[in-house]
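The data block below is run08.cif; it holds mmCIF, N, CA and C atoms.
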data_final
loop_
_atom_site.label_atom_id
_atom_site.label_comp_id
_atom_site.auth_asym_id
_atom_site.auth_seq_id
_atom_site.Cartn_x
_atom_site.Cartn_y
_atom_site.Cartn_z
N LYS A 1385 0.82 -1.19 0.00
CA LYS A 1385 0.00 0.00 0.00
C LYS A 1385 0.87 1.25 0.00
N GLU A 1386 1.96 1.21 0.72
CA GLU A 1386 2.80 2.40 0.80
C GLU A 1386 3.46 2.71 -0.53
N ALA A 1387 3.58 1.70 -1.40
CA ALA A 1387 4.17 1.93 -2.70
C ALA A 1387 3.27 2.81 -3.56
N LYS A 1388 1.98 2.80 -3.31
CA LYS A 1388 1.05 3.62 -4.07
C LYS A 1388 0.97 5.04 -3.54
N GLY A 1389 1.63 5.33 -2.47
CA GLY A 1389 1.63 6.68 -1.93
C GLY A 1389 0.67 6.86 -0.76
N VAL A 1390 -0.03 5.83 -0.35
CA VAL A 1390 -0.94 5.93 0.79
C VAL A 1390 -0.33 5.12 1.93
N PRO A 1391 0.12 5.78 2.95
CA PRO A 1391 0.70 5.03 4.07
C PRO A 1391 -0.36 4.14 4.72
N LEU A 1392 0.06 2.99 5.20
CA LEU A 1392 -0.83 2.01 5.80
C LEU A 1392 -1.55 2.60 7.01
N GLN A 1393 -0.88 3.37 7.84
CA GLN A 1393 -1.50 3.97 9.02
C GLN A 1393 -2.62 4.92 8.63
N GLN A 1394 -2.44 5.67 7.56
CA GLN A 1394 -3.47 6.62 7.11
C GLN A 1394 -4.70 5.85 6.60
N GLU A 1395 -4.47 4.75 5.89
CA GLU A 1395 -5.59 3.96 5.39
C GLU A 1395 -6.37 3.33 6.54
N CYS A 1396 -5.68 2.84 7.57
CA CYS A 1396 -6.36 2.26 8.72
C CYS A 1396 -7.20 3.31 9.44
N THR A 1397 -6.69 4.51 9.57
CA THR A 1397 -7.44 5.59 10.21
C THR A 1397 -8.70 5.91 9.41
N GLN A 1398 -8.58 5.94 8.10
CA GLN A 1398 -9.73 6.22 7.24
C GLN A 1398 -10.80 5.14 7.39
N ILE A 1399 -10.40 3.87 7.45
CA ILE A 1399 -11.35 2.77 7.62
C ILE A 1399 -12.04 2.87 8.98
N GLU A 1400 -11.29 3.19 10.03
CA GLU A 1400 -11.88 3.33 11.36
C GLU A 1400 -12.91 4.45 11.39
N ASN A 1401 -12.60 5.58 10.73
CA ASN A 1401 -13.55 6.69 10.68
C ASN A 1401 -14.84 6.30 9.95
N GLU A 1402 -14.70 5.55 8.86
CA GLU A 1402 -15.87 5.11 8.11
C GLU A 1402 -16.72 4.15 8.94
N MET A 1403 -16.06 3.27 9.68
CA MET A 1403 -16.80 2.31 10.50
C MET A 1403 -17.52 3.01 11.65
N SER A 1404 -16.91 3.98 12.27
CA SER A 1404 -17.57 4.66 13.38
C SER A 1404 -18.74 5.49 12.90
N SER A 1405 -18.64 6.09 11.71
CA SER A 1405 -19.77 6.86 11.20
C SER A 1405 -20.92 5.94 10.80
N SER A 1406 -20.63 4.74 10.27
CA SER A 1406 -21.72 3.82 9.90
C SER A 1406 -22.37 3.23 11.14
N SER A 1407 -21.61 2.99 12.21
CA SER A 1407 -22.23 2.44 13.42
C SER A 1407 -23.11 3.48 14.10
N SER A 1408 -22.74 4.76 14.04
CA SER A 1408 -23.60 5.79 14.62
C SER A 1408 -24.87 5.95 13.80
N LEU A 1409 -24.80 5.74 12.49
CA LEU A 1409 -25.98 5.77 11.64
C LEU A 1409 -26.91 4.61 11.98
N MET A 1410 -26.34 3.43 12.19
CA MET A 1410 -27.15 2.26 12.55
C MET A 1410 -27.80 2.46 13.91
N ALA A 1411 -27.10 3.06 14.86
CA ALA A 1411 -27.65 3.29 16.18
C ALA A 1411 -28.82 4.26 16.12
N SER A 1412 -28.76 5.26 15.25
CA SER A 1412 -29.84 6.23 15.15
C SER A 1412 -31.06 5.62 14.48
N ALA A 1413 -30.89 4.54 13.70
CA ALA A 1413 -32.00 3.89 13.02
C ALA A 1413 -32.65 2.80 13.85
N SER A 1414 -32.13 2.53 15.04
CA SER A 1414 -32.69 1.45 15.86
C SER A 1414 -34.04 1.86 16.43
N ILE A 1415 -34.78 0.88 16.90
CA ILE A 1415 -36.12 1.13 17.44
C ILE A 1415 -35.97 1.80 18.79
N THR A 1416 -36.61 2.97 18.94
CA THR A 1416 -36.53 3.71 20.19
C THR A 1416 -37.88 3.81 20.88
N SER A 1417 -38.94 3.56 20.18
CA SER A 1417 -40.28 3.72 20.74
C SER A 1417 -40.85 2.35 21.12
N ASP A 1418 -41.46 2.27 22.31
CA ASP A 1418 -42.11 1.03 22.73
C ASP A 1418 -43.29 0.71 21.83
N GLU A 1419 -43.99 1.75 21.36
CA GLU A 1419 -45.13 1.53 20.48
C GLU A 1419 -44.69 0.87 19.19
N THR A 1420 -43.59 1.30 18.62
CA THR A 1420 -43.09 0.71 17.39
C THR A 1420 -42.66 -0.74 17.64
N ALA A 1421 -41.99 -0.98 18.73
CA ALA A 1421 -41.56 -2.34 19.04
C ALA A 1421 -42.76 -3.26 19.25
N SER A 1422 -43.78 -2.78 19.94
CA SER A 1422 -44.94 -3.63 20.18
C SER A 1422 -45.73 -3.86 18.90
N SER A 1423 -45.80 -2.88 18.02
CA SER A 1423 -46.51 -3.10 16.75
C SER A 1423 -45.76 -4.10 15.88
N ILE A 1424 -44.45 -4.08 15.93
CA ILE A 1424 -43.66 -5.07 15.19
C ILE A 1424 -43.90 -6.46 15.76
N LEU A 1425 -43.94 -6.57 17.06
CA LEU A 1425 -44.20 -7.85 17.71
C LEU A 1425 -45.58 -8.39 17.34
N ILE A 1426 -46.59 -7.53 17.35
CA ILE A 1426 -47.94 -7.96 17.00
C ILE A 1426 -47.99 -8.44 15.55
N LYS A 1427 -47.37 -7.71 14.66
CA LYS A 1427 -47.34 -8.12 13.25
C LYS A 1427 -46.60 -9.45 13.08
N PHE A 1428 -45.52 -9.63 13.82
CA PHE A 1428 -44.77 -10.89 13.74
C PHE A 1428 -45.61 -12.06 14.23
N VAL A 1429 -46.29 -11.88 15.35
CA VAL A 1429 -47.12 -12.96 15.90
C VAL A 1429 -48.26 -13.28 14.95
N MET A 1430 -48.92 -12.27 14.41
CA MET A 1430 -50.01 -12.50 13.46
C MET A 1430 -49.51 -13.24 12.22
N PHE A 1431 -48.37 -12.80 11.69
CA PHE A 1431 -47.81 -13.46 10.53
C PHE A 1431 -47.49 -14.92 10.84
N SER A 1432 -46.91 -15.17 12.00
CA SER A 1432 -46.55 -16.53 12.38
C SER A 1432 -47.78 -17.43 12.47
N ILE A 1433 -48.84 -16.92 13.06
CA ILE A 1433 -50.06 -17.72 13.20
C ILE A 1433 -50.68 -17.99 11.83
N LEU A 1434 -50.81 -16.96 11.01
CA LEU A 1434 -51.43 -17.13 9.69
C LEU A 1434 -50.59 -18.02 8.78
N PHE A 1435 -49.28 -17.84 8.82
CA PHE A 1435 -48.41 -18.67 8.00
C PHE A 1435 -48.49 -20.12 8.44
N SER A 1436 -48.52 -20.36 9.73
CA SER A 1436 -48.60 -21.73 10.24
C SER A 1436 -49.91 -22.40 9.84
N ALA A 1437 -51.01 -21.67 9.94
CA ALA A 1437 -52.30 -22.23 9.54
C ALA A 1437 -52.32 -22.54 8.05
N ASN A 1438 -51.80 -21.62 7.25
CA ASN A 1438 -51.76 -21.82 5.80
C ASN A 1438 -50.90 -23.02 5.45
N HIS A 1439 -49.73 -23.09 6.04
CA HIS A 1439 -48.81 -24.18 5.75
C HIS A 1439 -49.39 -25.53 6.21
N GLY A 1440 -50.04 -25.52 7.36
CA GLY A 1440 -50.66 -26.75 7.84
C GLY A 1440 -51.75 -27.25 6.90
N ALA A 1441 -52.55 -26.33 6.36
CA ALA A 1441 -53.61 -26.72 5.42
C ALA A 1441 -53.01 -27.31 4.15
N VAL A 1442 -51.95 -26.69 3.65
CA VAL A 1442 -51.32 -27.16 2.41
C VAL A 1442 -50.68 -28.53 2.62
N VAL A 1443 -49.96 -28.69 3.69
CA VAL A 1443 -49.29 -29.97 3.95
C VAL A 1443 -50.32 -31.08 4.18
N SER A 1444 -51.43 -30.75 4.81
CA SER A 1444 -52.50 -31.75 4.98
C SER A 1444 -53.05 -32.20 3.64
N CYS A 1445 -53.25 -31.24 2.74
CA CYS A 1445 -53.74 -31.59 1.40
C CYS A 1445 -52.73 -32.46 0.66
N LEU A 1446 -51.47 -32.13 0.79
CA LEU A 1446 -50.43 -32.94 0.14
C LEU A 1446 -50.46 -34.38 0.65
N SER A 1447 -50.62 -34.51 1.95
CA SER A 1447 -50.62 -35.85 2.56
C SER A 1447 -51.85 -36.65 2.18
N LEU A 1448 -52.98 -35.97 2.12
CA LEU A 1448 -54.23 -36.67 1.85
C LEU A 1448 -54.48 -36.90 0.36
N ALA A 1449 -53.73 -36.23 -0.50
CA ALA A 1449 -54.00 -36.31 -1.94
C ALA A 1449 -53.94 -37.75 -2.45
N THR A 1450 -52.86 -38.41 -2.19
CA THR A 1450 -52.73 -39.78 -2.70
C THR A 1450 -53.59 -40.76 -1.92
N ALA A 1451 -53.81 -40.50 -0.62
CA ALA A 1451 -54.62 -41.40 0.19
C ALA A 1451 -56.09 -41.37 -0.24
N ARG A 1452 -56.60 -40.20 -0.54
CA ARG A 1452 -58.02 -40.07 -0.87
C ARG A 1452 -58.30 -40.14 -2.37
N LEU A 1453 -57.32 -39.72 -3.18
CA LEU A 1453 -57.58 -39.63 -4.62
C LEU A 1453 -56.81 -40.65 -5.45
N GLY A 1454 -55.91 -41.39 -4.83
CA GLY A 1454 -55.17 -42.43 -5.54
C GLY A 1454 -54.26 -41.86 -6.63
N ASP A 1455 -54.40 -42.40 -7.84
CA ASP A 1455 -53.55 -41.95 -8.95
C ASP A 1455 -53.79 -40.49 -9.32
N LEU A 1456 -55.02 -40.04 -9.15
CA LEU A 1456 -55.31 -38.62 -9.41
C LEU A 1456 -54.55 -37.73 -8.43
N GLY A 1457 -54.45 -38.15 -7.19
CA GLY A 1457 -53.68 -37.39 -6.20
C GLY A 1457 -52.20 -37.38 -6.53
N THR A 1458 -51.69 -38.49 -7.05
CA THR A 1458 -50.29 -38.53 -7.47
C THR A 1458 -50.05 -37.58 -8.64
N ALA A 1459 -50.99 -37.58 -9.59
CA ALA A 1459 -50.87 -36.66 -10.74
C ALA A 1459 -50.96 -35.21 -10.26
N GLN A 1460 -51.84 -34.96 -9.32
CA GLN A 1460 -51.99 -33.60 -8.78
C GLN A 1460 -50.71 -33.15 -8.09
N ASN A 1461 -50.10 -34.01 -7.29
CA ASN A 1461 -48.84 -33.65 -6.64
C ASN A 1461 -47.74 -33.40 -7.67
N SER A 1462 -47.73 -34.16 -8.73
CA SER A 1462 -46.73 -33.95 -9.79
C SER A 1462 -46.91 -32.60 -10.44
N VAL A 1463 -48.15 -32.24 -10.74
CA VAL A 1463 -48.44 -30.93 -11.35
C VAL A 1463 -48.07 -29.82 -10.37
N LEU A 1464 -48.39 -30.02 -9.11
CA LEU A 1464 -48.07 -29.01 -8.09
C LEU A 1464 -46.57 -28.74 -8.04
N TYR A 1465 -45.77 -29.80 -7.95
CA TYR A 1465 -44.33 -29.61 -7.82
C TYR A 1465 -43.69 -29.11 -9.11
N LEU A 1466 -44.22 -29.51 -10.25
CA LEU A 1466 -43.70 -29.00 -11.51
C LEU A 1466 -43.99 -27.51 -11.65
N SER A 1467 -45.23 -27.10 -11.36
CA SER A 1467 -45.54 -25.67 -11.47
C SER A 1467 -44.82 -24.86 -10.40
N TYR A 1468 -44.61 -25.45 -9.23
CA TYR A 1468 -43.83 -24.78 -8.18
C TYR A 1468 -42.40 -24.51 -8.66
N THR A 1469 -41.78 -25.53 -9.24
CA THR A 1469 -40.40 -25.38 -9.70
C THR A 1469 -40.30 -24.33 -10.79
N LEU A 1470 -41.18 -24.40 -11.77
CA LEU A 1470 -41.14 -23.43 -12.87
C LEU A 1470 -41.45 -22.02 -12.37
N SER A 1471 -42.40 -21.90 -11.47
CA SER A 1471 -42.74 -20.59 -10.91
C SER A 1471 -41.58 -20.01 -10.12
N ALA A 1472 -40.94 -20.84 -9.30
CA ALA A 1472 -39.82 -20.35 -8.49
C ALA A 1472 -38.64 -19.95 -9.37
N LEU A 1473 -38.42 -20.68 -10.45
CA LEU A 1473 -37.28 -20.39 -11.31
C LEU A 1473 -37.51 -19.19 -12.22
N PHE A 1474 -38.71 -19.06 -12.76
CA PHE A 1474 -38.91 -18.08 -13.83
C PHE A 1474 -39.85 -16.93 -13.50
N GLY A 1475 -40.75 -17.06 -12.55
CA GLY A 1475 -41.72 -15.99 -12.34
C GLY A 1475 -41.62 -15.27 -11.03
N SER A 1476 -41.08 -15.93 -10.02
CA SER A 1476 -41.15 -15.35 -8.68
C SER A 1476 -40.26 -14.13 -8.49
N THR A 1477 -39.12 -14.09 -9.14
CA THR A 1477 -38.26 -12.92 -8.94
C THR A 1477 -38.91 -11.65 -9.48
N TYR A 1478 -39.65 -11.78 -10.58
CA TYR A 1478 -40.36 -10.62 -11.11
C TYR A 1478 -41.43 -10.15 -10.13
N VAL A 1479 -42.19 -11.09 -9.59
CA VAL A 1479 -43.26 -10.75 -8.64
C VAL A 1479 -42.67 -10.11 -7.39
N ILE A 1480 -41.57 -10.66 -6.88
CA ILE A 1480 -40.97 -10.13 -5.66
C ILE A 1480 -40.38 -8.75 -5.90
N LYS A 1481 -39.75 -8.54 -7.05
CA LYS A 1481 -39.22 -7.21 -7.36
C LYS A 1481 -40.34 -6.19 -7.55
N THR A 1482 -41.47 -6.63 -8.11
CA THR A 1482 -42.58 -5.73 -8.37
C THR A 1482 -43.35 -5.38 -7.10
N TYR A 1483 -43.68 -6.38 -6.29
CA TYR A 1483 -44.54 -6.16 -5.13
C TYR A 1483 -43.80 -6.14 -3.80
N GLY A 1484 -42.56 -6.58 -3.78
CA GLY A 1484 -41.81 -6.66 -2.53
C GLY A 1484 -42.04 -8.00 -1.85
N PRO A 1485 -41.17 -8.37 -0.93
CA PRO A 1485 -41.27 -9.69 -0.30
C PRO A 1485 -42.53 -9.87 0.54
N GLY A 1486 -42.96 -8.85 1.27
CA GLY A 1486 -44.12 -8.98 2.14
C GLY A 1486 -45.40 -9.25 1.36
N LYS A 1487 -45.64 -8.44 0.34
CA LYS A 1487 -46.85 -8.63 -0.47
C LYS A 1487 -46.76 -9.92 -1.30
N SER A 1488 -45.56 -10.31 -1.68
CA SER A 1488 -45.40 -11.58 -2.41
C SER A 1488 -45.73 -12.77 -1.53
N ILE A 1489 -45.37 -12.70 -0.26
CA ILE A 1489 -45.72 -13.77 0.68
C ILE A 1489 -47.23 -13.84 0.84
N ILE A 1490 -47.88 -12.70 0.98
CA ILE A 1490 -49.34 -12.68 1.11
C ILE A 1490 -49.99 -13.22 -0.16
N LEU A 1491 -49.47 -12.83 -1.33
CA LEU A 1491 -50.00 -13.34 -2.59
C LEU A 1491 -49.83 -14.86 -2.68
N GLY A 1492 -48.66 -15.35 -2.32
CA GLY A 1492 -48.42 -16.79 -2.34
C GLY A 1492 -49.34 -17.55 -1.40
N MET A 1493 -49.55 -17.01 -0.20
CA MET A 1493 -50.46 -17.66 0.75
C MET A 1493 -51.90 -17.64 0.25
N THR A 1494 -52.30 -16.56 -0.39
CA THR A 1494 -53.65 -16.47 -0.95
C THR A 1494 -53.84 -17.50 -2.06
N ILE A 1495 -52.86 -17.62 -2.92
CA ILE A 1495 -52.94 -18.60 -4.00
C ILE A 1495 -52.94 -20.02 -3.44
N TYR A 1496 -52.20 -20.25 -2.37
CA TYR A 1496 -52.24 -21.55 -1.70
C TYR A 1496 -53.66 -21.86 -1.20
N CYS A 1497 -54.41 -20.85 -0.78
CA CYS A 1497 -55.79 -21.06 -0.34
C CYS A 1497 -56.65 -21.57 -1.49
N ILE A 1498 -56.38 -21.09 -2.70
CA ILE A 1498 -57.10 -21.60 -3.87
C ILE A 1498 -56.78 -23.08 -4.07
N TYR A 1499 -55.52 -23.44 -3.84
CA TYR A 1499 -55.12 -24.84 -3.95
C TYR A 1499 -55.91 -25.72 -2.97
N THR A 1500 -55.99 -25.30 -1.73
CA THR A 1500 -56.72 -26.11 -0.75
C THR A 1500 -58.22 -26.12 -1.05
N ALA A 1501 -58.74 -25.03 -1.60
CA ALA A 1501 -60.17 -24.97 -1.95
C ALA A 1501 -60.50 -25.93 -3.10
N SER A 1502 -59.50 -26.27 -3.91
CA SER A 1502 -59.77 -27.19 -5.02
C SER A 1502 -60.21 -28.56 -4.51
N TYR A 1503 -59.79 -28.95 -3.32
CA TYR A 1503 -60.23 -30.20 -2.73
C TYR A 1503 -61.69 -30.13 -2.31
N VAL A 1504 -62.12 -28.98 -1.82
CA VAL A 1504 -63.52 -28.80 -1.46
C VAL A 1504 -64.39 -28.90 -2.71
N VAL A 1505 -63.95 -28.25 -3.79
CA VAL A 1505 -64.69 -28.30 -5.05
C VAL A 1505 -64.74 -29.74 -5.57
N ALA A 1506 -63.62 -30.43 -5.52
CA ALA A 1506 -63.57 -31.81 -6.01
C ALA A 1506 -64.48 -32.73 -5.22
N THR A 1507 -64.61 -32.48 -3.93
CA THR A 1507 -65.48 -33.30 -3.09
C THR A 1507 -66.96 -32.93 -3.29
N ALA A 1508 -67.23 -31.65 -3.44
CA ALA A 1508 -68.61 -31.19 -3.57
C ALA A 1508 -69.20 -31.49 -4.95
N ILE A 1509 -68.36 -31.42 -5.98
CA ILE A 1509 -68.84 -31.64 -7.36
C ILE A 1509 -67.99 -32.75 -7.98
N PRO A 1510 -68.34 -34.01 -7.76
CA PRO A 1510 -67.51 -35.12 -8.25
C PRO A 1510 -67.36 -35.17 -9.77
N SER A 1511 -68.29 -34.58 -10.50
CA SER A 1511 -68.20 -34.64 -11.96
C SER A 1511 -67.03 -33.84 -12.51
N ILE A 1512 -66.54 -32.88 -11.76
CA ILE A 1512 -65.37 -32.09 -12.22
C ILE A 1512 -64.15 -32.31 -11.32
N LYS A 1513 -64.14 -33.44 -10.64
CA LYS A 1513 -63.07 -33.72 -9.68
C LYS A 1513 -61.69 -33.63 -10.32
N GLU A 1514 -61.49 -34.26 -11.47
CA GLU A 1514 -60.18 -34.28 -12.12
C GLU A 1514 -59.72 -32.88 -12.49
N VAL A 1515 -60.61 -32.11 -13.10
CA VAL A 1515 -60.26 -30.75 -13.51
C VAL A 1515 -59.96 -29.88 -12.30
N ALA A 1516 -60.78 -29.98 -11.26
CA ALA A 1516 -60.59 -29.15 -10.08
C ALA A 1516 -59.27 -29.45 -9.39
N VAL A 1517 -58.95 -30.73 -9.24
CA VAL A 1517 -57.75 -31.10 -8.50
C VAL A 1517 -56.48 -30.75 -9.29
N ILE A 1518 -56.46 -31.03 -10.59
CA ILE A 1518 -55.27 -30.73 -11.40
C ILE A 1518 -55.09 -29.22 -11.53
N THR A 1519 -56.19 -28.48 -11.73
CA THR A 1519 -56.09 -27.02 -11.80
C THR A 1519 -55.64 -26.45 -10.47
N GLY A 1520 -56.16 -26.99 -9.38
CA GLY A 1520 -55.73 -26.55 -8.06
C GLY A 1520 -54.24 -26.79 -7.83
N GLY A 1521 -53.75 -27.94 -8.29
CA GLY A 1521 -52.32 -28.22 -8.17
C GLY A 1521 -51.47 -27.25 -8.98
N LEU A 1522 -51.94 -26.93 -10.18
CA LEU A 1522 -51.21 -25.97 -11.02
C LEU A 1522 -51.16 -24.59 -10.37
N ILE A 1523 -52.30 -24.13 -9.90
CA ILE A 1523 -52.37 -22.81 -9.25
C ILE A 1523 -51.60 -22.82 -7.94
N GLY A 1524 -51.72 -23.89 -7.15
CA GLY A 1524 -51.00 -23.98 -5.88
C GLY A 1524 -49.49 -23.96 -6.06
N GLY A 1525 -49.00 -24.59 -7.12
CA GLY A 1525 -47.56 -24.56 -7.38
C GLY A 1525 -47.06 -23.17 -7.68
N ILE A 1526 -47.85 -22.40 -8.39
CA ILE A 1526 -47.47 -21.01 -8.69
C ILE A 1526 -47.40 -20.21 -7.37
N GLY A 1527 -48.41 -20.40 -6.53
CA GLY A 1527 -48.39 -19.71 -5.23
C GLY A 1527 -47.21 -20.13 -4.37
N GLY A 1528 -46.89 -21.41 -4.40
CA GLY A 1528 -45.73 -21.89 -3.64
C GLY A 1528 -44.43 -21.30 -4.14
N GLY A 1529 -44.33 -21.12 -5.45
CA GLY A 1529 -43.13 -20.50 -6.01
C GLY A 1529 -42.93 -19.09 -5.50
N PHE A 1530 -44.02 -18.33 -5.42
CA PHE A 1530 -43.94 -16.95 -4.90
C PHE A 1530 -43.63 -16.95 -3.40
N LEU A 1531 -44.34 -17.80 -2.67
CA LEU A 1531 -44.21 -17.82 -1.22
C LEU A 1531 -42.82 -18.22 -0.76
N TRP A 1532 -42.31 -19.33 -1.26
CA TRP A 1532 -41.05 -19.85 -0.75
C TRP A 1532 -39.84 -19.13 -1.32
N THR A 1533 -40.00 -18.41 -2.42
CA THR A 1533 -38.89 -17.60 -2.90
C THR A 1533 -38.80 -16.28 -2.13
N ALA A 1534 -39.97 -15.72 -1.78
CA ALA A 1534 -39.99 -14.46 -1.04
C ALA A 1534 -39.47 -14.69 0.36
#
Whole structure given in structure tokens:
Amino acid sequence: KEAKGVPLQQECTQIENEMSSSSSLMASASITSDETASSILIKFVMFSILFSANHGAVVSCLSLATARLGDLGTAQNSVLYLSYTLSALFGSTYVIKTYGPGKSIILGMTIYCIYTASYVVATAIPSIKEVAVITGGLIGGIGGGFLWTA
């Protein structure tokens, strides 16, 4: 470093000054209000509860698909995972950049609800069971791609 004309001691001093100014900036951005901290906690708890309920519903459908629907459930799971993979690889980054991670998670969870609703439709209207379940798997995979990438 000294060969370039900048003494090593001077460079170390400059780095220390930059680090101290960035740490004071971070300290000023920290949470100082109890109201802000409590609102963050409430949002975190609500998100945790809603995400857990959503995930539990989806995992239950995955488990019951082959048990209740046999080969149709296997086909549905295949469509779900294929659309999930394609969505995560090719579509989710655009959605996350456009809407942000928070709204993308909400969008993914909402689309997952459509996936679980496809089982209700398949049970209520047996004449369209195949279409409902395969379409639900396709839509659910897209939602999963958004959710798990965000």
| message | For a test of reading the model, state the distance in Å between CA of Tyr1503 (chain A) and atom N of Ile1490 (chain A), rounded to one decimal. | response |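 CA of Tyr1503 (chain A) sits 21.7 Å away from atom N of Ile1490 (chain A).
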| field | 8 Å contact set for Val1517 (chain A), all atoms listed in the file, chain neighbours under 2 positions out, as a list in words | value |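 In the requested format, the answer is Leu1456, Gly1457, Ala1459, Gln1460, Asn1461, Tyr1499, Ala1501, Ser1502, Tyr1503, Val1505, Ala1506, Thr1507, Ile1512, Lys1513, Glu1514, Val1515, Thr1519, Gly1520, Gly1521, Leu1522 and Ile1523 of chain A.
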Near-Ile1526 (chain A) list (10 Å; only C-alpha atoms; drop same-chain fewer than 6 positions) as a compact mmCIF listing (two decimals) with N, CA and C atoms, keeping the file's coordinate frame:
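Contents of out-v6.txt, freshly written:
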# COMPACT_ATOMS: atom_id res chain seq x y z
N LEU A 1464 -48.39 -30.02 -9.11
CA LEU A 1464 -48.07 -29.01 -8.09
C LEU A 1464 -46.57 -28.74 -8.04
N TYR A 1465 -45.77 -29.80 -7.95
CA TYR A 1465 -44.33 -29.61 -7.82
C TYR A 1465 -43.69 -29.11 -9.11
N LEU A 1466 -44.22 -29.51 -10.25
CA LEU A 1466 -43.70 -29.00 -11.51
C LEU A 1466 -43.99 -27.51 -11.65
N SER A 1467 -45.23 -27.10 -11.36
CA SER A 1467 -45.54 -25.67 -11.47
C SER A 1467 -44.82 -24.86 -10.40
N TYR A 1468 -44.61 -25.45 -9.23
CA TYR A 1468 -43.83 -24.78 -8.18
C TYR A 1468 -42.40 -24.51 -8.66
N THR A 1469 -41.78 -25.53 -9.24
CA THR A 1469 -40.40 -25.38 -9.70
C THR A 1469 -40.30 -24.33 -10.79
N LEU A 1470 -41.18 -24.40 -11.77
CA LEU A 1470 -41.14 -23.43 -12.87
C LEU A 1470 -41.45 -22.02 -12.37
N SER A 1471 -42.40 -21.90 -11.47
CA SER A 1471 -42.74 -20.59 -10.91
C SER A 1471 -41.58 -20.01 -10.12
N ALA A 1472 -40.94 -20.84 -9.30
CA ALA A 1472 -39.82 -20.35 -8.49
C ALA A 1472 -38.64 -19.95 -9.37
N GLY A 1475 -40.75 -17.06 -12.55
CA GLY A 1475 -41.72 -15.99 -12.34
C GLY A 1475 -41.62 -15.27 -11.03
N SER A 1476 -41.08 -15.93 -10.02
CA SER A 1476 -41.15 -15.35 -8.68
C SER A 1476 -40.26 -14.13 -8.49
N GLY A 1492 -48.66 -15.35 -2.32
CA GLY A 1492 -48.42 -16.79 -2.34
C GLY A 1492 -49.34 -17.55 -1.40
N ILE A 1495 -52.86 -17.62 -2.92
CA ILE A 1495 -52.94 -18.60 -4.00
C ILE A 1495 -52.94 -20.02 -3.44
N TYR A 1496 -52.20 -20.25 -2.37
CA TYR A 1496 -52.24 -21.55 -1.70
C TYR A 1496 -53.66 -21.86 -1.20
N TYR A 1499 -55.52 -23.44 -3.84
CA TYR A 1499 -55.12 -24.84 -3.95
C TYR A 1499 -55.91 -25.72 -2.97
N GLY A 1520 -56.16 -26.99 -9.38
CA GLY A 1520 -55.73 -26.55 -8.06
C GLY A 1520 -54.24 -26.79 -7.83
| request: Determine the residue membership of the PyMOL selection byres (((chain A and resi 1531 and name CA) around 7) and name CA) for the file above and supply it as a list in words. | output: Ser1488, Ile1489, Gly1492, Met1493, Gly1527, Gly1528, Gly1529, Phe1530, Trp1532, Thr1533 and Ala1534 of chain A
| request: Rounded to one decimal place, report the CA of Ala1449 (chain A)-CA of Thr1500 (chain A) distance in Å. | output: 10.6 Å
| query | Just how far from CA of Asp1455 (chain A) is atom N of Gly1440 (chain A), in Å to one decimal? | reply |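 Between atom N of Gly1440 (chain A) and CA of Asp1455 (chain A) the gap works out to 23.4 Å.
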